[in-house]
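Below is start-v5.tsv, holding TSV, C-alpha atoms.
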chain	number	residue	atom	x	y	z
G	1	MET	CA	36.23	85.11	114.83
G	2	HIS	CA	37.24	81.51	115.44
G	3	PRO	CA	40.83	81.29	116.80
G	4	ILE	CA	41.90	78.92	113.99
G	5	ILE	CA	40.61	81.24	111.25
G	6	LYS	CA	42.32	84.20	112.92
G	7	LEU	CA	45.68	82.41	113.24
G	8	VAL	CA	45.57	81.05	109.67
G	9	SER	CA	44.76	84.52	108.33
G	10	GLN	CA	47.69	85.96	110.29
G	11	ARG	CA	50.04	83.30	108.87
G	12	LEU	CA	48.88	84.02	105.31
G	13	ALA	CA	49.33	87.77	105.76
G	14	LEU	CA	52.78	87.24	107.27
G	15	GLY	CA	53.72	84.97	104.38
G	16	LEU	CA	52.75	87.62	101.81
G	17	LEU	CA	54.70	90.25	103.75
G	18	LEU	CA	57.77	87.99	103.86
G	19	LEU	CA	57.49	87.34	100.13
G	20	PHE	CA	57.37	91.08	99.43
G	21	GLY	CA	60.42	91.60	101.64
G	22	ALA	CA	62.24	88.74	99.94
G	23	SER	CA	61.57	90.23	96.49
G	24	ALA	CA	62.94	93.62	97.61
G	25	LEU	CA	66.02	91.98	99.15
G	26	ILE	CA	66.75	89.88	96.05
G	27	PHE	CA	66.39	92.94	93.80
G	28	GLY	CA	68.62	95.02	96.06
G	29	LEU	CA	71.32	92.36	96.15
G	30	THR	CA	71.38	92.04	92.36
G	31	GLU	CA	71.70	95.82	92.08
G	32	ALA	CA	74.63	95.81	94.50
G	33	LEU	CA	76.65	93.41	92.37
G	34	PRO	CA	79.45	94.97	90.31
G	35	GLY	CA	78.89	95.32	86.57
G	36	ASP	CA	75.62	94.69	84.76
G	37	ALA	CA	74.06	92.62	81.98
G	38	ALA	CA	75.25	95.03	79.27
G	39	GLN	CA	78.85	94.58	80.41
G	40	ALA	CA	78.39	90.79	80.49
G	41	VAL	CA	76.97	90.77	76.94
G	42	LEU	CA	79.55	93.08	75.34
G	43	GLY	CA	82.56	92.00	77.38
G	44	GLN	CA	85.38	93.99	78.96
G	45	ALA	CA	86.57	95.38	75.64
G	46	ALA	CA	83.30	97.23	74.94
G	47	THR	CA	83.46	100.98	74.33
G	48	PRO	CA	81.61	103.37	76.69
G	49	GLU	CA	79.32	104.41	73.82
G	50	ALA	CA	78.34	100.82	73.06
G	51	LEU	CA	77.69	100.15	76.75
G	52	ALA	CA	75.56	103.28	77.09
G	53	ASN	CA	73.47	102.35	74.04
G	54	LEU	CA	72.90	98.78	75.20
G	55	ARG	CA	72.04	99.90	78.74
G	56	GLU	CA	69.45	102.29	77.32
G	57	GLU	CA	68.04	99.54	75.11
G	58	MET	CA	67.81	97.17	78.10
G	59	GLY	CA	66.33	99.85	80.34
G	60	LEU	CA	69.23	99.68	82.77
G	61	ASN	CA	69.70	103.45	82.80
G	62	ARG	CA	66.43	104.04	84.66
G	63	PRO	CA	66.32	104.40	88.47
G	64	ALA	CA	66.48	101.10	90.34
G	65	LEU	CA	63.31	101.85	92.34
G	66	THR	CA	61.34	102.44	89.14
G	67	ARG	CA	62.57	99.18	87.65
G	68	TYR	CA	61.76	97.31	90.86
G	69	PHE	CA	58.12	98.43	91.02
G	70	GLU	CA	57.66	97.81	87.28
G	71	TRP	CA	59.06	94.31	87.74
G	72	LEU	CA	56.92	93.69	90.85
G	73	GLY	CA	53.80	94.87	89.01
G	74	GLY	CA	54.57	92.43	86.21
G	75	ILE	CA	55.05	89.59	88.71
G	76	LEU	CA	51.62	90.30	90.24
G	77	GLN	CA	50.11	90.05	86.74
G	78	GLY	CA	51.94	86.80	86.01
G	79	ASP	CA	54.51	88.43	83.72
G	80	LEU	CA	58.07	87.44	84.62
G	81	GLY	CA	59.53	89.57	81.83
G	82	GLN	CA	62.10	88.74	79.18
G	83	SER	CA	65.66	87.54	79.46
G	84	LEU	CA	68.13	90.35	78.79
G	85	THR	CA	70.58	88.08	77.01
G	86	ASN	CA	68.38	86.02	74.65
G	87	LYS	CA	65.08	88.01	74.68
G	88	LEU	CA	63.08	84.85	75.43
G	89	ASP	CA	60.02	84.95	77.67
G	90	ILE	CA	61.18	83.93	81.15
G	91	ALA	CA	57.88	82.26	82.10
G	92	ASP	CA	58.09	79.95	79.09
G	93	SER	CA	61.74	79.12	79.78
G	94	ILE	CA	61.13	78.48	83.48
G	95	GLY	CA	57.95	76.43	83.06
G	96	ASN	CA	59.58	73.23	81.85
G	97	ARG	CA	62.60	73.58	84.14
G	98	LEU	CA	60.43	74.16	87.19
G	99	GLY	CA	58.53	71.00	86.28
G	100	ASN	CA	61.83	69.11	86.12
G	101	THR	CA	62.91	70.41	89.53
G	102	LEU	CA	59.54	69.52	91.09
G	103	PHE	CA	59.76	66.05	89.47
G	104	LEU	CA	63.17	65.49	91.06
G	105	ALA	CA	62.06	66.90	94.43
G	106	PHE	CA	58.88	64.79	94.41
G	107	TRP	CA	60.73	61.50	94.01
G	108	ALA	CA	63.36	62.50	96.54
G	109	ALA	CA	60.59	63.35	99.02
G	110	LEU	CA	58.71	60.13	98.23
G	111	VAL	CA	61.80	58.15	99.23
G	112	SER	CA	63.19	60.28	102.07
G	113	VAL	CA	60.06	61.24	104.07
G	114	PRO	CA	58.64	57.74	104.73
G	115	LEU	CA	62.16	56.37	105.26
G	116	ALA	CA	63.02	59.14	107.76
G	117	ILE	CA	59.80	58.62	109.73
G	118	PHE	CA	60.29	54.84	109.75
G	119	LEU	CA	63.90	55.17	110.93
G	120	GLY	CA	62.83	57.69	113.56
G	121	LEU	CA	60.19	55.29	114.90
G	122	LEU	CA	62.70	52.43	114.79
G	123	ALA	CA	65.28	54.51	116.69
G	124	VAL	CA	62.70	55.29	119.39
G	125	ARG	CA	61.65	51.64	119.59
G	126	TYR	CA	65.26	50.61	120.23
G	127	ARG	CA	66.47	53.83	121.88
G	128	ASN	CA	69.95	53.73	123.39
G	129	ARG	CA	70.50	50.29	121.88
G	130	TRP	CA	72.60	49.35	118.86
G	131	PRO	CA	69.89	49.94	116.17
G	132	ASP	CA	69.37	53.49	117.48
G	133	LYS	CA	73.11	54.17	117.60
G	134	LEU	CA	73.68	52.66	114.14
G	135	ILE	CA	70.88	54.72	112.53
G	136	SER	CA	72.06	57.93	114.19
G	137	GLY	CA	75.70	57.31	113.27
G	138	VAL	CA	75.03	56.52	109.60
G	139	THR	CA	72.64	59.44	109.06
G	140	LEU	CA	74.94	61.91	110.82
G	141	THR	CA	77.80	60.76	108.60
G	142	THR	CA	75.80	61.35	105.42
G	143	ILE	CA	74.61	64.82	106.48
G	144	SER	CA	78.19	65.82	107.35
G	145	ILE	CA	79.45	65.17	103.80
G	146	PRO	CA	78.81	67.91	101.19
G	147	GLU	CA	76.25	66.87	98.58
G	148	PHE	CA	78.60	67.57	95.67
G	149	LEU	CA	81.13	65.09	97.14
G	150	ILE	CA	78.45	62.44	97.63
G	151	GLY	CA	77.36	63.07	94.05
G	152	TYR	CA	80.83	62.65	92.57
G	153	VAL	CA	81.49	59.51	94.63
G	154	LEU	CA	78.23	57.95	93.44
G	155	VAL	CA	78.98	58.90	89.84
G	156	TYR	CA	82.40	57.25	90.01
G	157	PHE	CA	81.47	54.04	91.83
G	158	VAL	CA	77.82	53.45	90.89
G	159	ALA	CA	77.63	54.92	87.38
G	160	VAL	CA	81.18	54.51	86.02
G	161	LYS	CA	82.46	51.40	87.82
G	162	LEU	CA	79.21	49.44	88.21
G	163	GLY	CA	77.35	50.96	85.26
G	164	MET	CA	74.04	50.84	87.13
G	165	PHE	CA	72.74	54.35	86.40
G	166	SER	CA	73.48	57.21	84.05
G	167	PRO	CA	76.15	59.62	85.38
G	168	LEU	CA	74.25	62.57	83.87
G	169	ALA	CA	70.64	63.24	84.81
G	170	MET	CA	69.53	64.49	81.41
G	171	ILE	CA	65.76	64.16	80.85
G	172	ASN	CA	63.48	65.33	78.06
G	173	ASP	CA	59.88	64.93	76.93
G	174	SER	CA	60.72	62.13	74.49
G	175	MET	CA	61.87	59.83	77.33
G	176	SER	CA	59.52	57.30	78.89
G	177	PHE	CA	58.57	57.48	82.56
G	178	TRP	CA	60.94	54.65	83.52
G	179	GLN	CA	63.81	56.19	81.54
G	180	LYS	CA	63.32	59.43	83.48
G	181	LEU	CA	63.35	57.55	86.79
G	182	ASN	CA	66.55	55.76	85.82
G	183	SER	CA	68.13	59.08	84.83
G	184	ILE	CA	67.32	60.83	88.13
G	185	ALA	CA	68.20	57.85	90.37
G	186	LEU	CA	71.59	59.23	91.49
G	187	PRO	CA	70.35	62.79	92.24
G	188	VAL	CA	67.46	61.29	94.22
G	189	ILE	CA	69.88	59.18	96.27
G	190	VAL	CA	72.07	62.23	96.98
G	191	LEU	CA	69.11	64.39	98.06
G	192	THR	CA	67.72	61.57	100.21
G	193	LEU	CA	71.02	61.14	102.02
G	194	VAL	CA	71.28	64.91	102.59
G	195	VAL	CA	67.82	65.43	104.16
G	196	LEU	CA	67.32	62.04	105.81
G	197	ALA	CA	69.33	62.69	108.99
G	198	HIS	CA	67.56	65.93	109.90
G	199	MET	CA	64.07	64.50	109.48
G	200	MET	CA	64.95	61.24	111.24
G	201	ARG	CA	66.52	62.92	114.26
G	202	MET	CA	63.69	65.44	114.63
G	203	THR	CA	61.13	62.63	114.38
G	204	ARG	CA	63.00	60.73	117.07
G	205	ALA	CA	63.29	63.81	119.32
G	206	ALA	CA	59.61	64.76	118.90
G	207	ILE	CA	58.38	61.26	119.77
G	208	LEU	CA	60.74	60.94	122.75
G	209	ASN	CA	59.46	64.29	124.04
G	210	VAL	CA	55.87	63.04	123.86
G	211	MET	CA	56.88	59.79	125.56
G	212	GLN	CA	57.43	61.77	128.76
G	213	SER	CA	53.71	62.68	128.92
G	214	ALA	CA	51.35	61.31	131.55
G	215	TYR	CA	48.94	59.69	129.06
G	216	VAL	CA	51.81	57.70	127.56
G	217	GLU	CA	52.72	56.40	131.03
G	218	THR	CA	49.05	55.47	131.48
G	219	ALA	CA	49.11	53.53	128.21
G	220	GLU	CA	52.23	51.69	129.36
G	221	LEU	CA	50.57	50.84	132.71
G	222	LYS	CA	47.62	49.36	130.80
G	223	GLY	CA	50.01	46.75	129.43
G	224	LEU	CA	50.27	47.96	125.83
G	225	SER	CA	53.38	46.90	123.97
G	226	ASN	CA	56.17	49.39	123.37
G	227	PHE	CA	55.32	49.50	119.63
G	228	GLN	CA	51.62	50.18	120.33
G	229	VAL	CA	52.50	52.98	122.74
G	230	ILE	CA	54.79	54.62	120.20
G	231	TYR	CA	52.61	54.14	117.10
G	232	ARG	CA	49.12	54.70	118.56
G	233	HIS	CA	49.77	57.27	121.29
G	234	ALA	CA	53.13	59.04	120.93
G	235	PHE	CA	53.44	59.39	117.15
G	236	PRO	CA	50.00	61.01	116.49
G	237	ASN	CA	50.70	63.64	119.17
G	238	ALA	CA	54.12	64.40	117.70
G	239	ILE	CA	52.71	65.15	114.24
G	240	ALA	CA	53.04	68.96	114.47
G	241	PRO	CA	56.84	69.17	114.98
G	242	ILE	CA	57.38	66.31	112.52
G	243	VAL	CA	55.34	68.11	109.84
G	244	ASN	CA	57.37	71.27	110.47
G	245	VAL	CA	60.71	69.56	109.89
G	246	VAL	CA	59.36	67.63	106.89
G	247	MET	CA	58.14	70.85	105.26
G	248	ILE	CA	61.48	72.57	105.87
G	249	ASN	CA	63.28	69.69	104.19
G	250	LEU	CA	60.78	69.61	101.33
G	251	ALA	CA	61.53	73.28	100.79
G	252	TYR	CA	65.21	72.41	100.68
G	253	LEU	CA	64.54	69.70	98.12
G	254	VAL	CA	63.08	72.34	95.79
G	255	VAL	CA	65.19	75.38	96.67
G	256	GLY	CA	68.48	73.75	97.62
G	257	VAL	CA	68.95	71.48	94.60
G	258	VAL	CA	71.22	73.95	92.79
G	259	VAL	CA	74.44	72.09	93.62
G	260	VAL	CA	72.96	68.68	92.80
G	261	GLU	CA	71.56	69.91	89.49
G	262	VAL	CA	74.92	71.37	88.51
G	263	VAL	CA	76.79	68.17	89.46
G	264	PHE	CA	74.47	65.96	87.41
G	265	VAL	CA	73.81	68.55	84.65
G	266	TYR	CA	70.10	68.27	85.41
G	267	PRO	CA	67.90	70.65	83.35
G	268	GLY	CA	66.11	72.19	86.31
G	269	MET	CA	65.68	75.59	87.92
G	270	GLY	CA	69.02	75.45	89.71
G	271	GLN	CA	71.00	74.87	86.52
G	272	TYR	CA	68.99	77.57	84.74
G	273	LEU	CA	69.72	80.04	87.55
G	274	VAL	CA	73.46	79.33	87.57
G	275	ASP	CA	73.68	79.72	83.78
G	276	HIS	CA	72.10	83.18	83.90
G	277	VAL	CA	73.91	84.38	87.02
G	278	THR	CA	77.16	84.15	85.06
G	279	LYS	CA	75.59	86.32	82.35
G	280	ARG	CA	74.28	88.89	84.85
G	281	ASP	CA	70.79	88.33	83.44
G	282	VAL	CA	69.01	90.12	86.28
G	283	PRO	CA	65.35	89.43	85.25
G	284	VAL	CA	66.03	85.68	85.16
G	285	VAL	CA	67.84	85.77	88.51
G	286	LEU	CA	64.99	87.78	90.04
G	287	ALA	CA	62.32	85.46	88.66
G	288	CYS	CA	64.13	82.33	89.93
G	289	GLY	CA	64.77	83.96	93.30
G	290	VAL	CA	61.13	84.94	93.79
G	291	ILE	CA	59.88	81.50	92.75
G	292	PHE	CA	62.28	79.81	95.18
G	293	ALA	CA	61.27	82.25	97.94
G	294	ALA	CA	57.55	81.66	97.26
G	295	ILE	CA	58.00	77.88	97.44
G	296	TYR	CA	60.04	78.08	100.65
G	297	ILE	CA	57.67	80.52	102.37
G	298	GLY	CA	54.61	78.62	101.10
G	299	LEU	CA	55.76	75.26	102.46
G	300	ASN	CA	56.62	76.82	105.81
G	301	MET	CA	53.16	78.42	105.92
G	302	ILE	CA	51.60	75.02	105.27
G	303	ALA	CA	53.65	73.61	108.16
G	304	ASP	CA	52.44	76.41	110.46
G	305	ILE	CA	48.81	75.86	109.42
G	306	VAL	CA	49.06	72.09	109.97
G	307	ALA	CA	50.55	72.75	113.42
G	308	ILE	CA	47.63	75.06	114.20
G	309	LEU	CA	45.05	72.50	113.01
G	310	ALA	CA	46.79	69.75	114.99
G	311	ASN	CA	46.41	71.71	118.25
G	312	PRO	CA	43.24	70.39	119.98
G	313	ARG	CA	43.01	73.47	122.23
G	314	LEU	CA	42.60	75.65	119.11
G	315	ARG	CA	40.19	73.24	117.41
G	316	HIS	CA	37.97	73.05	120.50
G	317	PRO	CA	38.23	76.38	122.36
G	318	LYS	CA	36.41	76.61	125.68
I'd like the structure from this file rewritten - as structure tokens, please.
Amino acid sequence: MHPIIKLVSQRLALGLLLLFGASALIFGLTEALPGDAAQAVLGQAATPEALANLREEMGLNRPALTRYFEWLGGILQGDLGQSLTNKLDIADSIGNRLGNTLFLAFWAALVSVPLAIFLGLLAVRYRNRWPDKLISGVTLTTISIPEFLIGYVLVYFVAVKLGMFSPLAMINDSMSFWQKLNSIALPVIVLTLVVLAHMMRMTRAAILNVMQSAYVETAELKGLSNFQVIYRHAFPNAIAPIVNVVMINLAYLVVGVVVVEVVFVYPGMGQYLVDHVTKRDVPVVLACGVIFAAIYIGLNMIADIVAILANPRLRHPK
């Protein structure tokens, strides 16, 4: 078997194993929480008889292991189950919200990834000079500030004082494309500021590491300009670590948007998850958790596979 096919198969199998372990961990953690959905629905004043009847109706009186494997079997068949609190189909409820979250993450990535790579290249071009120090200082400052604080500051100064964008990122199907972009402008700015520093610094570090190679010194001795050396020789050979850090941050843009969605009241997966956590709606929490885990593991698998394909010794084994 070709080494690339073998390694890719191993990564895929490991990803599936991790996803199975993540589903078991999420289910176990929800079971360990005090109280249950029946208690959340009926409140603290509910009688034991009423609680027992509702738990039986919801299926909460069955063994946890039985409920886990029933739920996992449904997931494998594409059935996410029903919400315990409103009896709505979870897949239908999640579909639109997942699309909203991916819409927000896509535009944040479209802004942050090219900008981070450009700033990383610029920092290498002027390394240890004022542009490099300025870029590093500004990006480190933004990553050190919690995203909820950045969000509230932008809402106050940009939305309230300047009136440039809407303070609430409410979108719906009746809005035009440009109205949606205007509505998500502030969340996109917050997410860009949060992930920019990590991607920029890793791009800079990866390129500087490659710059120590012998073939880069040869290119410099040939008289190529500093920009040509960086762009044509160093950057292509630093693709693997750059792709890894980009994928990790893309996963964050999808999975880690909970705080940003809550701040801007954005109708995405994060807001949906928070709403149902307070209700102890376990099927919804499990479905959201597994979807987030699948996205995170999937993007990291893609990064691993790209790193494998970018390795010339694996592409052309002796």
Practice item. Would you kindly return, as number ranges by chain, each protein, DNA or RNA residue with an atom no farther than 12 Å from any atom of G:His276, considering all atoms listed in the file and excluding same-chain residues fewer than 2 positions away? Key: G: 37, 40-41, 83-86, 90, 93-94, 269-274, 278-289
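Of the residues under consideration (G:Val254, G:Ile297, G:Leu60, G:Lys6), G:Val254 shows the shortest atom-to-atom contact distance to G:Leu102 when counting all atoms listed in the file.
Minimum distance to G:Met211 across G:Val124, G:Ala159, G:Val188, G:Ile143 (counting all atoms listed in the file) occurs at G:Val124.
Distances here use all atoms listed in the file; by that measure, the residue among G:Ala238, G:Ile150, G:Trp71, G:Pro3 closest to G:Ala24 is G:Trp71.
Straight-line separation from atom CA of G:Ala251 to atom CA of G:Leu110: 13.7 Å.
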Study note, to complete from the structure: In Å and to one decimal, atom CA of G:Asn226 is distant from atom CA of G:Tyr126 by 9.7 Å
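Restricting the calculation to only C-alpha atoms, the smallest distance between G:Phe20 and any of G:Met58, G:Val8, G:Leu154, G:Leu72 is found for G:Leu72.
The spacing separating atom CA of G:Arg127 from atom CA of G:Leu115 amounts to 17.4 Å.
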